[in-house]
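*Asks:* Questions regarding the structure given below will be posed in turn.
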Amino acid sequence: MGCHGVRITYPLLVLAVTGSPGQAGVVTFAMSVPSLIFQIPAGLAAGYADRKWVLRWCQIAGLMATCIALAAVGRGAPGAVALLSVTAFLEGTANVFFEVSEPGVVRDVVSVAQRPAALAFLEGEVPVMQLIGRAVGAAVFDIARWLPFALNALSYLCCLATLFVMCGEFSARASQDSAALRRTWNRIV
């Protein structure tokens, strides 16, 4: 829910600080554009890398980005719009890689009999978290501008803790060599 909560918080914060809908649009674009440009690389990472490693690094990158945004909000850093655009882009990128790799991890940790229910839950969870996250993010932003970022950081920490205790085999296509990855990349290009 954390990332979905800050999706509304980034533009609200920029609008509150600058009064400019255009600059709020820039930060919204910065968080959304990774969905357009990183789907294929994220698919390659999900298909050829250790998915647990990918998920961990996504959470670490998202945590770092949201902590930088939290510090910028707390100190009223000059150039906050540019900094928030960068952190929004980083969070959006981490989210794309996470969401593409996540179904593979479900396959790795859930029995074959439980996979349909687990994948259905995962598919249904995303729109629910988008709806709830944005509503809660806006409401919490009204309490304190920094609070949605703090809650987002907490959600990253909880996810990281879960990933570090999760058991299972997460390496994707470990038996394939780097030539297979190059052939796949060449076909994509």
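In the structure tokens, chains take the letters A, B, ... in the order shown, each chain's residues start at 1, and ligands count up from 1 in the order shown.
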So that I can check the surroundings of region 131-136 of chain A, please list as a PyMOL selection string every protein, DNA and RNA residue that reaches within 12 Å of it, counting only C-alpha atoms and ignoring chain neighbours fewer than 6 positions away.

*Replies:* chain A and resi 1-12+124-125+142-143+147-149+151-152+155

*Asks:* Go through region 115-168 of chain A and flag each residue having an atom no more than 10 Å from region 48-53 of chain A; for those, report the closest pair of atoms plus their distance in Å to one decimal, using only C-alpha atoms, ordered by chain and rising number, as JSON lines.

*Replies:*
```
{"residue": "A:Leu163", "atom": "CA", "partner": "A:Lys52", "partner_atom": "CA", "distance": 7.1}
{"residue": "A:Phe164", "atom": "CA", "partner": "A:Lys52", "partner_atom": "CA", "distance": 8.7}
{"residue": "A:Met166", "atom": "CA", "partner": "A:Lys52", "partner_atom": "CA", "distance": 8.8}
{"residue": "A:Cys167", "atom": "CA", "partner": "A:Lys52", "partner_atom": "CA", "distance": 9.7}
{"residue": "A:Gly168", "atom": "CA", "partner": "A:Lys52", "partner_atom": "CA", "distance": 9.2}
```

*Asks:* Take the residues that were just selected and, keeping N, CA and C atoms, output them as a PDB file, in the first residue's frame.

*Replies:*
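Okay, part21.pdb is ready:
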```pdb
ATOM      1  N   LEU A 163      11.132 -10.651   2.784  1.00  0.00           N
ATOM      2  CA  LEU A 163      11.972 -11.227   1.736  1.00  0.00           C
ATOM      3  C   LEU A 163      13.208 -11.918   2.301  1.00  0.00           C
ATOM      4  N   PHE A 164      13.747 -11.393   3.397  1.00  0.00           N
ATOM      5  CA  PHE A 164      14.942 -11.998   3.970  1.00  0.00           C
ATOM      6  C   PHE A 164      14.657 -13.290   4.729  1.00  0.00           C
ATOM      7  N   MET A 166      12.071 -15.359   3.754  1.00  0.00           N
ATOM      8  CA  MET A 166      11.365 -16.232   2.819  1.00  0.00           C
ATOM      9  C   MET A 166      12.285 -17.358   2.335  1.00  0.00           C
ATOM     10  N   CYS A 167      11.769 -18.558   2.332  1.00  0.00           N
ATOM     11  CA  CYS A 167      12.533 -19.719   1.880  1.00  0.00           C
ATOM     12  C   CYS A 167      12.051 -20.144   0.503  1.00  0.00           C
ATOM     13  N   GLY A 168      12.936 -20.775  -0.229  1.00  0.00           N
ATOM     14  CA  GLY A 168      12.567 -21.290  -1.545  1.00  0.00           C
ATOM     15  C   GLY A 168      13.681 -21.076  -2.548  1.00  0.00           C
TER      16      GLY A 168
END
```

*Asks:* Here is a test: counting only C-alpha atoms, which residue of A:Ser32, A:Ser111, A:Gln59, A:Thr66 is nearest to Gly92 (chain A)?

*Replies:*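 Using only C-alpha atoms, the shortest distance to Gly92 (chain A) belongs to A:Ser32.
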
*Asks:* Closest to Val17 (chain A) among A:Val73, A:Ala30, A:Leu63, A:Ala139, using only C-alpha atoms?

*Replies:*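 Smallest separation from Val17 (chain A) among the options: A:Val73.
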
*Asks:* One decimal, in Å: what's the spacing between CA of Gly79 (chain A) and CA of Gln23 (chain A)?

*Replies:*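 Going from CA of Gly79 (chain A) over to CA of Gln23 (chain A) covers 11.9 Å.
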
*Asks:* Mind checking which residues fall within 8 Å of Ala65 (chain A), counting only C-alpha atoms, ignoring those fewer than 6 positions away in the same chain, and posting them as number ranges by chain?

*Replies:* A: 87-88, 90-91

*Asks:* Expressed in Å to a single decimal, how great is the separation between CA of Arg107 (chain A) and CA of Val165 (chain A)?

*Replies:*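 Going from CA of Arg107 (chain A) over to CA of Val165 (chain A), I get 16.8 Å.
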
*Asks:* Taking the chain letters and numbering used in this document, name the residues of region 40-172 of chain A that DSSP puts in alpha helix (DSSP H), as a count of residues only.

*Replies:* 112

*Asks:* For each of A:Val14, A:Ala42, A:Ile37, A:Ile60, take the minimum atom-to-atom distance to Val81 (chain A), counting only C-alpha atoms, then give the residue where this is smallest.

*Replies:*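 Looking only at the distances to Val81 (chain A), the closest residue turns out to be A:Val14.
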
*Asks:* Between CA of Ala153 (chain A) and CA of Ile68 (chain A), what is the distance in Å, rounded to a tenth?

*Replies:*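 These atoms are spaced 10.3 Å apart.
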
*Asks:* Measuring atom to atom with only C-alpha atoms, identify which of A:Asn95, A:Thr18, A:Val112, A:Ala138 is nearest to Val126 (chain A).

*Replies:*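 Selected residue with least distance to Val126 (chain A): A:Asn95.
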
*Asks:* Counting only C-alpha atoms, which of A:Val96, A:Leu157, A:Leu55, A:Leu44 gets nearest to Arg182 (chain A)?

*Replies:*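 Closest to Arg182 (chain A) of all the choices is A:Leu44.
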
*Asks:* Measuring atom to atom with only C-alpha atoms, identify which of A:Ile40, A:Ala46, A:Leu84, A:Cys67 is nearest to Val26 (chain A).

*Replies:* A:Leu84
